[in-house]
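K.L.:
structure_30.csv is reproduced in full below (CSV, C-alpha atoms).
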chain,number,residue,atom,x,y,z
O,1,MET,CA,57.5,144.3,132.6
O,2,ILE,CA,56.7,140.9,134.1
O,3,ALA,CA,59.8,139.1,135.4
O,4,ILE,CA,59.6,135.4,134.6
O,5,GLY,CA,63.3,134.5,135.1
O,6,ASP,CA,64.1,131.2,133.5
O,7,ARG,CA,60.5,129.9,133.9
O,8,ARG,CA,59.0,128.6,130.7
O,9,GLU,CA,55.6,129.9,129.6
O,10,LEU,CA,53.0,128.5,127.2
O,11,PHE,CA,51.0,131.0,125.2
O,12,VAL,CA,47.5,129.8,125.9
O,13,ASP,CA,46.3,132.8,127.7
O,14,ASP,CA,46.9,136.6,127.8
O,15,ALA,CA,48.7,136.7,131.2
O,16,LEU,CA,51.9,137.9,129.6
O,17,LEU,CA,50.3,139.9,126.7
O,18,ASP,CA,49.0,143.4,126.4
O,19,MET,CA,46.3,142.8,123.8
O,20,SER,CA,45.5,146.5,123.5
O,21,ARG,CA,48.9,147.0,121.8
O,22,THR,CA,48.6,144.4,119.0
O,23,ASP,CA,46.2,143.5,116.2
O,24,ALA,CA,47.3,139.9,116.4
O,25,ALA,CA,44.5,137.4,116.6
O,26,GLU,CA,44.4,134.4,118.9
O,27,VAL,CA,43.8,131.1,117.0
O,28,LEU,CA,43.0,127.8,118.6
O,29,HIS,CA,45.0,125.0,116.8
O,30,HIS,CA,43.8,121.4,116.8
O,31,PRO,CA,45.5,118.0,117.2
O,32,VAL,CA,46.1,116.1,114.0
O,33,ARG,CA,45.0,112.5,113.8
O,34,ARG,CA,47.9,110.1,113.3
O,35,GLU,CA,48.6,106.4,113.3
O,36,LEU,CA,46.8,103.6,115.2
O,37,MET,CA,48.8,102.9,118.4
O,38,MET,CA,46.9,100.2,120.1
O,39,THR,CA,44.0,97.7,119.5
O,40,ASN,CA,41.9,96.3,122.3
O,41,ASP,CA,40.7,92.8,121.2
O,42,ALA,CA,41.2,90.6,124.3
O,43,PRO,CA,38.2,89.0,125.9
O,44,TRP,CA,38.7,90.9,129.2
O,45,GLU,CA,38.7,94.2,127.2
O,46,ALA,CA,35.2,93.6,126.0
O,47,ASN,CA,33.7,96.4,123.8
O,48,GLY,CA,33.8,99.5,126.0
O,49,TRP,CA,37.0,101.4,126.8
O,50,THR,CA,37.0,104.6,128.8
O,51,TYR,CA,38.9,106.8,131.2
O,52,TYR,CA,42.5,106.5,130.0
O,53,THR,CA,45.4,107.7,132.1
O,54,VAL,CA,48.8,108.2,130.6
O,55,PHE,CA,51.9,109.7,132.2
O,56,GLU,CA,55.7,109.5,131.9
O,57,ASP,CA,57.6,107.7,134.6
O,58,GLU,CA,61.4,107.8,134.6
O,59,GLY,CA,61.9,107.2,130.9
O,60,ARG,CA,58.8,105.1,130.1
O,61,PHE,CA,55.1,105.9,129.6
O,62,ARG,CA,52.4,104.1,131.6
O,63,MET,CA,48.8,103.7,130.5
O,64,TYR,CA,45.8,102.6,132.5
O,65,TYR,CA,42.4,102.2,131.0
O,66,LEU,CA,38.9,100.9,132.0
O,67,SER,CA,37.3,98.1,130.0
O,68,GLN,CA,33.8,96.8,130.3
O,69,PRO,CA,31.1,95.1,128.3
O,70,MET,CA,28.5,97.8,127.4
O,71,TYR,CA,25.5,95.4,127.8
O,72,ASN,CA,24.4,92.4,129.7
O,73,LEU,CA,24.8,89.0,128.2
O,74,GLU,CA,21.3,89.1,126.7
O,75,ARG,CA,22.0,92.6,125.2
O,76,THR,CA,18.8,93.9,126.7
O,77,ARG,CA,20.2,96.6,129.0
O,78,HIS,CA,23.3,98.6,129.8
O,79,ASP,CA,24.5,96.6,132.7
O,80,CYS,CA,28.2,95.8,132.8
O,81,PRO,CA,28.9,92.4,134.3
O,82,PHE,CA,32.5,93.3,135.1
O,83,HIS,CA,35.1,96.1,134.9
O,84,THR,CA,38.8,95.5,134.3
O,85,ILE,CA,41.7,98.0,134.5
O,86,GLY,CA,44.2,97.3,131.8
O,87,TYR,CA,47.9,98.3,131.7
O,88,ALA,CA,50.3,99.1,128.9
O,89,GLU,CA,53.8,100.5,128.5
O,90,SER,CA,55.7,102.5,125.9
O,91,THR,CA,59.2,104.0,125.5
O,92,ASP,CA,58.1,106.6,122.9
O,93,GLY,CA,54.3,107.1,123.5
O,94,ILE,CA,53.5,105.6,120.1
O,95,HIS,CA,54.4,101.9,120.2
O,96,TRP,CA,52.7,100.2,123.1
O,97,VAL,CA,53.0,96.7,124.7
O,98,LYS,CA,50.6,95.0,127.0
O,99,PRO,CA,52.7,93.0,129.4
O,100,SER,CA,51.4,89.7,130.8
O,101,LEU,CA,51.2,90.5,134.5
O,102,GLY,CA,49.7,87.3,136.0
O,103,LEU,CA,47.9,89.3,138.7
O,104,PHE,CA,44.3,88.4,138.1
O,105,GLU,CA,42.5,85.4,136.6
O,106,PHE,CA,40.1,85.7,133.7
O,107,ASP,CA,38.4,82.7,132.1
O,108,GLY,CA,40.8,80.4,133.9
O,109,SER,CA,44.0,82.1,132.9
O,110,ARG,CA,46.3,84.8,134.4
O,111,ASP,CA,48.0,85.5,131.0
O,112,ASN,CA,46.6,89.1,130.8
O,113,ASN,CA,47.5,92.8,131.4
O,114,MET,CA,45.0,93.5,134.1
O,115,VAL,CA,45.9,95.4,137.3
O,116,MET,CA,42.4,95.3,138.7
O,117,VAL,CA,39.1,93.4,138.1
O,118,THR,CA,35.8,94.3,139.8
O,119,ASP,CA,32.1,94.4,139.3
O,120,THR,CA,31.7,97.8,141.1
O,121,MET,CA,34.6,100.1,140.2
O,122,ASP,CA,34.1,103.1,138.0
O,123,ALA,CA,37.1,105.0,136.6
O,124,PHE,CA,40.7,104.4,137.9
O,125,HIS,CA,43.0,107.4,137.6
O,126,VAL,CA,46.6,106.7,138.5
O,127,PHE,CA,49.5,109.1,139.2
O,128,ARG,CA,53.0,109.0,140.4
O,129,ASP,CA,53.2,111.0,143.7
O,130,GLU,CA,56.2,113.3,143.5
O,131,ASN,CA,55.7,114.6,147.0
O,132,PRO,CA,59.2,114.2,148.6
O,133,LEU,CA,57.4,113.2,151.9
O,134,CYS,CA,55.5,110.4,150.2
O,135,PRO,CA,56.2,106.9,151.6
O,136,GLU,CA,57.7,104.6,148.9
O,137,GLU,CA,54.9,102.1,149.5
O,138,GLU,CA,52.4,104.8,148.4
O,139,ARG,CA,54.4,106.2,145.6
O,140,TYR,CA,51.7,105.4,143.1
O,141,LYS,CA,48.1,106.4,143.9
O,142,ALA,CA,44.8,105.7,142.2
O,143,VAL,CA,41.5,107.4,142.7
O,144,TYR,CA,38.3,105.6,141.8
O,145,THR,CA,34.6,105.6,142.4
O,146,LYS,CA,32.7,103.3,144.7
O,147,PRO,CA,28.9,102.9,144.7
O,148,HIS,CA,26.7,105.4,146.5
O,149,HIS,CA,28.9,108.4,145.4
O,150,GLN,CA,32.1,107.8,147.2
O,151,LEU,CA,35.6,108.6,146.0
O,152,TRP,CA,38.3,106.3,147.3
O,153,CYS,CA,42.0,105.7,146.7
O,154,MET,CA,44.4,102.8,146.2
O,155,VAL,CA,48.1,102.9,146.7
O,156,SER,CA,51.1,101.0,145.3
O,157,ALA,CA,54.8,100.8,145.5
O,158,ASP,CA,55.3,99.9,141.8
O,159,GLY,CA,52.2,101.0,139.9
O,160,LEU,CA,51.1,97.4,139.4
O,161,HIS,CA,50.2,95.9,142.7
O,162,PHE,CA,47.6,98.1,144.3
O,163,ARG,CA,46.0,97.8,147.8
O,164,GLU,CA,42.9,99.4,149.2
O,165,GLY,CA,43.5,102.9,150.6
O,166,TRP,CA,40.9,105.1,152.2
O,167,LEU,CA,37.9,107.3,151.6
O,168,LEU,CA,38.7,110.7,150.1
O,169,CYS,CA,35.3,112.3,149.8
O,170,ASP,CA,31.6,111.6,149.7
O,171,GLN,CA,30.4,115.1,148.8
O,172,GLY,CA,29.9,114.6,145.0
O,173,ARG,CA,28.7,112.2,142.3
O,174,PHE,CA,32.2,111.1,141.1
O,175,ASP,CA,30.5,109.1,138.2
O,176,SER,CA,33.2,110.0,135.7
O,177,HIS,CA,37.0,110.2,135.2
O,178,ASN,CA,38.1,112.0,138.4
O,179,THR,CA,41.7,113.1,138.5
O,180,ALA,CA,44.3,113.8,141.2
O,181,PHE,CA,48.0,114.9,141.4
O,182,TYR,CA,50.6,116.4,143.6
O,183,ASP,CA,51.0,120.1,142.8
O,184,ALA,CA,54.7,120.8,143.5
O,185,ALA,CA,54.2,124.5,142.8
O,186,ALA,CA,51.5,124.9,145.4
O,187,GLY,CA,52.8,122.2,147.8
O,188,CYS,CA,49.5,120.4,148.0
O,189,TYR,CA,47.5,117.7,146.4
O,190,ARG,CA,44.6,118.6,144.0
O,191,CYS,CA,41.6,116.5,143.1
O,192,TYR,CA,39.1,117.4,140.3
O,193,PHE,CA,35.9,115.4,140.1
O,194,ARG,CA,32.3,115.2,138.8
O,195,ASP,CA,29.3,116.7,140.4
O,196,PHE,CA,26.0,118.3,139.3
O,197,HIS,CA,24.3,121.7,139.6
O,198,ASP,CA,20.7,122.1,138.5
O,199,GLY,CA,20.9,118.8,136.6
O,200,ILE,CA,24.0,119.9,134.7
O,201,ARG,CA,27.3,118.0,135.0
O,202,ASP,CA,30.1,120.2,136.4
O,203,ILE,CA,33.7,120.0,137.8
O,204,ARG,CA,34.6,120.4,141.5
O,205,MET,CA,38.0,120.8,143.1
O,206,MET,CA,39.4,120.1,146.5
O,207,THR,CA,43.0,120.2,148.0
O,208,SER,CA,44.9,118.3,150.7
O,209,ALA,CA,48.2,118.6,152.4
O,210,ASP,CA,48.5,114.8,153.1
O,211,PHE,CA,46.1,113.1,150.7
O,212,ARG,CA,43.9,112.1,153.6
O,213,THR,CA,42.2,115.3,154.9
O,214,TRP,CA,40.6,117.3,152.2
O,215,THR,CA,39.1,120.8,151.9
O,216,ALA,CA,35.4,121.2,151.2
O,217,PRO,CA,34.8,120.7,147.5
O,218,GLU,CA,34.2,123.9,145.4
O,219,PRO,CA,33.1,124.3,141.8
O,220,ILE,CA,35.7,125.6,139.4
O,221,THR,CA,34.8,128.8,137.6
O,222,TYR,CA,35.3,130.1,134.1
O,223,GLU,CA,36.3,133.0,132.0
O,224,GLY,CA,36.2,133.3,128.3
O,225,CYS,CA,33.3,131.0,127.1
O,226,LEU,CA,30.7,131.2,129.9
O,227,GLU,CA,28.0,129.1,128.5
O,228,ASP,CA,26.9,126.5,131.0
O,229,PHE,CA,28.0,123.3,129.1
O,230,GLN,CA,27.6,119.8,130.4
O,231,MET,CA,31.2,119.0,131.5
O,232,TYR,CA,31.6,115.3,131.5
O,233,THR,CA,35.3,114.8,132.4
O,234,ASN,CA,38.1,117.3,133.3
O,235,GLY,CA,41.5,115.9,132.4
O,236,VAL,CA,43.2,118.6,134.6
O,237,LYS,CA,46.9,118.4,135.4
O,238,PRO,CA,50.0,120.8,135.5
O,239,TYR,CA,51.5,121.4,132.1
O,240,PHE,CA,54.7,119.3,132.1
O,241,ARG,CA,57.1,122.1,130.9
O,242,ALA,CA,55.4,124.9,132.8
O,243,PRO,CA,53.9,123.4,136.0
O,244,GLN,CA,52.7,126.8,137.2
O,245,LEU,CA,50.0,126.5,134.4
O,246,TYR,CA,47.1,124.0,134.7
O,247,ILE,CA,45.8,122.4,131.5
O,248,GLY,CA,42.4,120.8,131.3
O,249,LEU,CA,41.0,118.8,128.4
O,250,PRO,CA,37.4,118.2,129.5
O,251,THR,CA,34.7,116.3,127.5
O,252,ARG,CA,31.7,118.4,126.6
O,253,TYR,CA,28.5,116.4,126.6
O,254,VAL,CA,25.5,117.3,124.4
O,255,GLU,CA,22.3,115.3,124.4
O,256,ARG,CA,19.5,116.3,122.1
O,257,LYS,CA,15.9,115.8,123.1
O,258,ALA,CA,14.9,113.8,120.1
O,259,TRP,CA,16.2,112.2,116.9
O,260,THR,CA,16.6,114.7,114.1
O,261,PRO,CA,17.7,114.3,110.4
O,262,ASN,CA,21.2,115.4,111.4
O,263,TYR,CA,21.7,112.1,113.2
O,264,ASP,CA,21.0,110.2,109.9
O,265,GLY,CA,24.2,111.6,108.5
O,266,LEU,CA,26.3,110.0,111.3
O,267,CYS,CA,28.3,106.8,110.8
O,268,GLY,CA,26.5,104.1,112.8
O,269,ALA,CA,23.1,105.8,112.8
O,270,GLU,CA,21.3,102.5,112.8
O,271,HIS,CA,23.3,101.2,115.7
O,272,ARG,CA,22.5,104.5,117.6
O,273,LYS,CA,18.8,103.8,117.0
O,274,TRP,CA,19.2,100.3,118.4
O,275,ARG,CA,21.0,101.6,121.5
O,276,MET,CA,18.1,104.0,122.0
O,277,THR,CA,15.9,101.0,122.8
O,278,LEU,CA,18.0,100.6,125.9
O,279,ASN,CA,18.2,104.3,126.8
O,280,PRO,CA,17.5,107.3,124.6
O,281,ARG,CA,20.8,109.0,125.6
O,282,PHE,CA,22.8,106.1,124.1
O,283,GLY,CA,21.7,107.3,120.7
O,284,LEU,CA,21.2,111.1,121.2
O,285,ALA,CA,24.4,112.0,123.0
O,286,THR,CA,27.5,113.4,121.2
O,287,THR,CA,30.8,114.7,122.7
O,288,ASP,CA,33.8,116.8,121.9
O,289,CYS,CA,36.9,117.9,123.8
O,290,LEU,CA,37.5,121.5,125.0
O,291,LEU,CA,40.7,123.2,126.1
O,292,MET,CA,40.9,125.2,129.3
O,293,THR,CA,43.8,126.7,131.3
O,294,SER,CA,44.3,128.2,134.7
O,295,ARG,CA,46.9,130.0,136.8
O,296,ASP,CA,45.4,129.2,140.2
O,297,GLY,CA,43.7,125.8,139.6
O,298,ARG,CA,40.3,127.3,140.4
O,299,ARG,CA,39.4,129.8,137.7
O,300,PHE,CA,39.8,128.5,134.2
O,301,ARG,CA,39.9,130.2,130.8
O,302,ARG,CA,37.8,128.0,128.6
O,303,HIS,CA,37.4,128.0,124.8
O,304,GLY,CA,34.0,127.5,123.4
O,305,GLU,CA,35.4,126.1,120.1
O,306,ALA,CA,36.1,122.4,120.3
O,307,PHE,CA,39.8,121.5,120.6
O,308,LEU,CA,39.3,117.9,119.5
O,309,THR,CA,36.2,117.1,117.4
O,310,PRO,CA,34.6,113.7,117.4
O,311,GLY,CA,35.5,111.1,114.8
O,312,PRO,CA,33.0,109.2,112.7
O,313,GLU,CA,32.3,106.7,115.5
Will you turn the file into structure tokens for me?
P.N.:
Amino acid sequence: MIAIGDRRELFVDDALLDMSRTDAAEVLHHPVRRELMMTNDAPWEANGWTYYTVFEDEGRFRMYYLSQPMYNLERTRHDCPFHTIGYAESTDGIHWVKPSLGLFEFDGSRDNNMVMVTDTMDAFHVFRDENPLCPEEERYKAVYTKPHHQLWCMVSADGLHFREGWLLCDQGRFDSHNTAFYDAAAGCYRCYFRDFHDGIRDIRMMTSADFRTWTAPEPITYEGCLEDFQMYTNGVKPYFRAPQLYIGLPTRYVERKAWTPNYDGLCGAEHRKWRMTLNPRFGLATTDCLLMTSRDGRRFRRHGEAFLTPGPE
């Protein structure tokens, strides 16, 4: 018998199951595509949107997302002239509004929903710090990438007005959506970020007692599907109803070596061919989303089957 008291458990692993005593089969279910919830058509949102962060905050949902033009003005190379961090709110997670914040100017106007604009920032992951010792002026924290492979933070009292923080780590690549959160069950902060081994993208983890001094990064390990996939993002955080369980929704990245007839069947095949004139990977890469779970934040049980498959775009 395993005593769990009144703790909730999510059946995504076999920690509470004796699989030798049942002929039941484990089946991975998939999300169902639903209604459109937001359209990005403002000039400062350009045509590239990545690295979304969504979390519930005292009865409302907050969303932060990176926008960038995917090409230079001449459309001759992938060279983003600016990055903006947009902000949206919702009371139900379905209907979203983009408030006019008036914080940054774009094309002569401050009538926009930007919480940050820069020509160097990559990714911007925001979380509400639930550490009871956290100063109120640092209640909201963001981790982001600076050039030359450095991971920095920003802090805010309200989740809208951010100020520069401090360097977290320079032992990694960080060129992706890096995540961080306060782990109440373990009493420490955790940060998951991008690095490489043998030319393959992977996920590293480090911890901190105060969000300033961090342990040496270590690669997370896997059970279940052990194939050495390219792991582009991680999406790791505690499951909200069972915080003793960590859920990850990483992006798996696949890049073929050359164009094959399979690509001709994709929507936008001609646009892929045009993008390849800028860089082959812009036409040859495809992605999907995996599901992985952990009980200790270091060793993850990973499914090889895609949890979320790519859409036609």
K.L.:
Could you give me, as a VMD selection string, the residues within 10 Å of O:Asn40, counting only C-alpha atoms and dropping anything in the same chain fewer than 4 positions from it?
P.N.:
chain O and resid 44 to 49 67 86 98
K.L.:
Have a look at atom CA of O:Gln150 and atom CA of O:Cys169 and let me know their distance in Å, one decimal.
P.N.:
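Spanning atom CA of O:Gln150 to atom CA of O:Cys169 is a straight-line distance of 6.1 Å.
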K.L.:
Take atom CA of O:Cys191 and atom CA of O:Met206 and report the distance between them in Å, one decimal.
P.N.:
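Between atom CA of O:Cys191 and atom CA of O:Met206 the gap works out to 5.4 Å.
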K.L.:
Between O:Met1, O:Tyr140, O:Lys257, O:Leu245, single out the one closest to O:Phe162, counting all atoms listed in the file.
P.N.:
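Smallest separation from O:Phe162 among the options: O:Tyr140.
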K.L.:
Here is a test: counting all atoms listed in the file, which residue of O:Arg275, O:Asp183, O:Leu103, O:Ala42 is nearest to O:Met70?
P.N.:
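Answer, going by the shortest atom-to-atom distance: O:Arg275.
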K.L.:
I'd like to know which of O:Phe55, O:Phe61, O:Tyr189, O:Tyr239 is closest to O:His125, using only C-alpha atoms.
P.N.:
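Nearest to O:His125: O:Phe55.
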K.L.:
Just to confirm, what's the straight-line distance from atom CA of O:Arg7 to atom CA of O:Arg301 in Å (one decimal)?
P.N.:
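The value is 20.8 Å.
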K.L.:
Pick out the closest residue to O:Pro310 from this set: O:Ala285, O:Leu73, O:Met121, O:Leu66. Count only C-alpha atoms.
P.N.:
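Between O:Ala285, O:Leu73, O:Met121, O:Leu66, the residue approaching O:Pro310 most closely is O:Ala285.
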K.L.:
Around the point (41.2, 123.9, 128.6), in the coordinates given by the file, pick out the residues reaching within 9 Å, counting only C-alpha atoms, and return them as a list in words.
P.N.:
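Residues close enough to count: Asn234, Gly235, Val236, Tyr246, Ile247, Gly248, Leu249, Pro250, Cys289, Leu290, Leu291, Met292, Thr293, Ser294, Phe300, Arg301, Arg302, His303 and Phe307 of chain O.
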K.L.:
Skip O:Arg110 itself and residues of its chain fewer than 5 positions away, then list as JSON, numbers by chain all residues within 9 Å of it, counting only C-alpha atoms.
P.N.:
{"O": [100, 101, 102, 103, 104, 105]}
K.L.:
Could you give me stretch 2-13 of chain O completed to all heavy atoms, formatted as a short mmCIF file (atom, residue, chain, number, x, y, z; two decimals), in the coordinates of the input?
P.N.:
data_model
loop_
_atom_site.label_atom_id
_atom_site.label_comp_id
_atom_site.auth_asym_id
_atom_site.auth_seq_id
_atom_site.Cartn_x
_atom_site.Cartn_y
_atom_site.Cartn_z
N ILE O 2 56.98 142.02 133.20
CA ILE O 2 56.70 140.90 134.10
C ILE O 2 57.93 140.01 134.12
O ILE O 2 58.34 139.48 133.08
CB ILE O 2 55.48 140.10 133.59
CG1 ILE O 2 54.24 141.00 133.53
CG2 ILE O 2 55.23 138.89 134.48
CD1 ILE O 2 53.02 140.31 132.94
N ALA O 3 58.55 139.89 135.27
CA ALA O 3 59.80 139.10 135.40
C ALA O 3 59.39 137.60 135.50
O ALA O 3 58.66 137.20 136.40
CB ALA O 3 60.55 139.51 136.63
N ILE O 4 59.89 136.79 134.58
CA ILE O 4 59.60 135.40 134.60
C ILE O 4 60.90 134.55 134.81
O ILE O 4 60.84 133.32 134.92
CB ILE O 4 58.91 134.88 133.32
CG1 ILE O 4 59.81 135.08 132.10
CG2 ILE O 4 57.59 135.62 133.13
CD1 ILE O 4 59.24 134.46 130.83
N GLY O 5 62.07 135.22 134.89
CA GLY O 5 63.30 134.50 135.10
C GLY O 5 63.55 133.47 134.04
O GLY O 5 63.40 133.75 132.85
N ASP O 6 63.88 132.24 134.44
CA ASP O 6 64.10 131.20 133.50
C ASP O 6 62.86 130.25 133.38
O ASP O 6 62.94 129.14 132.87
CB ASP O 6 65.32 130.35 133.82
CG ASP O 6 65.23 129.70 135.20
OD1 ASP O 6 64.22 129.93 135.90
OD2 ASP O 6 66.16 128.97 135.58
N ARG O 7 61.74 130.73 133.89
CA ARG O 7 60.50 129.90 133.90
C ARG O 7 59.94 129.88 132.45
O ARG O 7 59.84 130.91 131.78
CB ARG O 7 59.47 130.55 134.82
CG ARG O 7 58.21 129.74 134.97
CD ARG O 7 57.24 130.42 135.93
NE ARG O 7 56.59 131.57 135.33
CZ ARG O 7 56.51 132.77 135.88
NH1 ARG O 7 57.11 133.00 137.05
NH2 ARG O 7 55.89 133.76 135.28
N ARG O 8 59.59 128.71 131.99
CA ARG O 8 59.00 128.60 130.70
C ARG O 8 57.50 128.98 130.78
O ARG O 8 56.85 128.77 131.79
CB ARG O 8 59.06 127.14 130.17
CG ARG O 8 60.46 126.71 129.82
CD ARG O 8 60.42 125.37 129.10
NE ARG O 8 61.75 124.89 128.79
CZ ARG O 8 62.00 123.90 127.94
NH1 ARG O 8 60.99 123.29 127.34
NH2 ARG O 8 63.23 123.52 127.70
N GLU O 9 56.99 129.52 129.68
CA GLU O 9 55.60 129.90 129.60
C GLU O 9 55.01 129.36 128.30
O GLU O 9 55.70 129.30 127.28
CB GLU O 9 55.40 131.41 129.67
CG GLU O 9 55.67 132.01 131.04
CD GLU O 9 54.58 131.69 132.05
OE1 GLU O 9 53.51 131.19 131.63
OE2 GLU O 9 54.79 131.95 133.25
N LEU O 10 53.77 128.95 128.36
CA LEU O 10 53.00 128.50 127.20
C LEU O 10 51.99 129.52 126.84
O LEU O 10 51.22 129.93 127.70
CB LEU O 10 52.38 127.12 127.51
CG LEU O 10 51.68 126.41 126.37
CD1 LEU O 10 52.69 125.93 125.34
CD2 LEU O 10 50.87 125.22 126.90
N PHE O 11 51.95 129.95 125.59
CA PHE O 11 51.00 131.00 125.20
C PHE O 11 49.63 130.47 124.94
O PHE O 11 49.23 130.28 123.79
CB PHE O 11 51.58 131.79 124.00
CG PHE O 11 52.68 132.74 124.36
CD1 PHE O 11 53.99 132.42 124.09
CD2 PHE O 11 52.41 133.94 125.00
CE1 PHE O 11 55.02 133.29 124.44
CE2 PHE O 11 53.42 134.81 125.35
CZ PHE O 11 54.73 134.49 125.07
N VAL O 12 48.93 130.20 126.01
CA VAL O 12 47.50 129.80 125.90
C VAL O 12 46.59 130.72 126.62
O VAL O 12 45.40 130.47 126.69
CB VAL O 12 47.36 128.34 126.50
CG1 VAL O 12 48.04 127.29 125.63
CG2 VAL O 12 47.90 128.27 127.92
N ASP O 13 47.12 131.81 127.13
CA ASP O 13 46.30 132.80 127.70
C ASP O 13 46.96 134.19 127.51
O ASP O 13 47.99 134.29 126.83
CB ASP O 13 46.04 132.58 129.23
CG ASP O 13 47.34 132.49 130.03
OD1 ASP O 13 48.38 133.03 129.58
OD2 ASP O 13 47.32 131.89 131.11
#
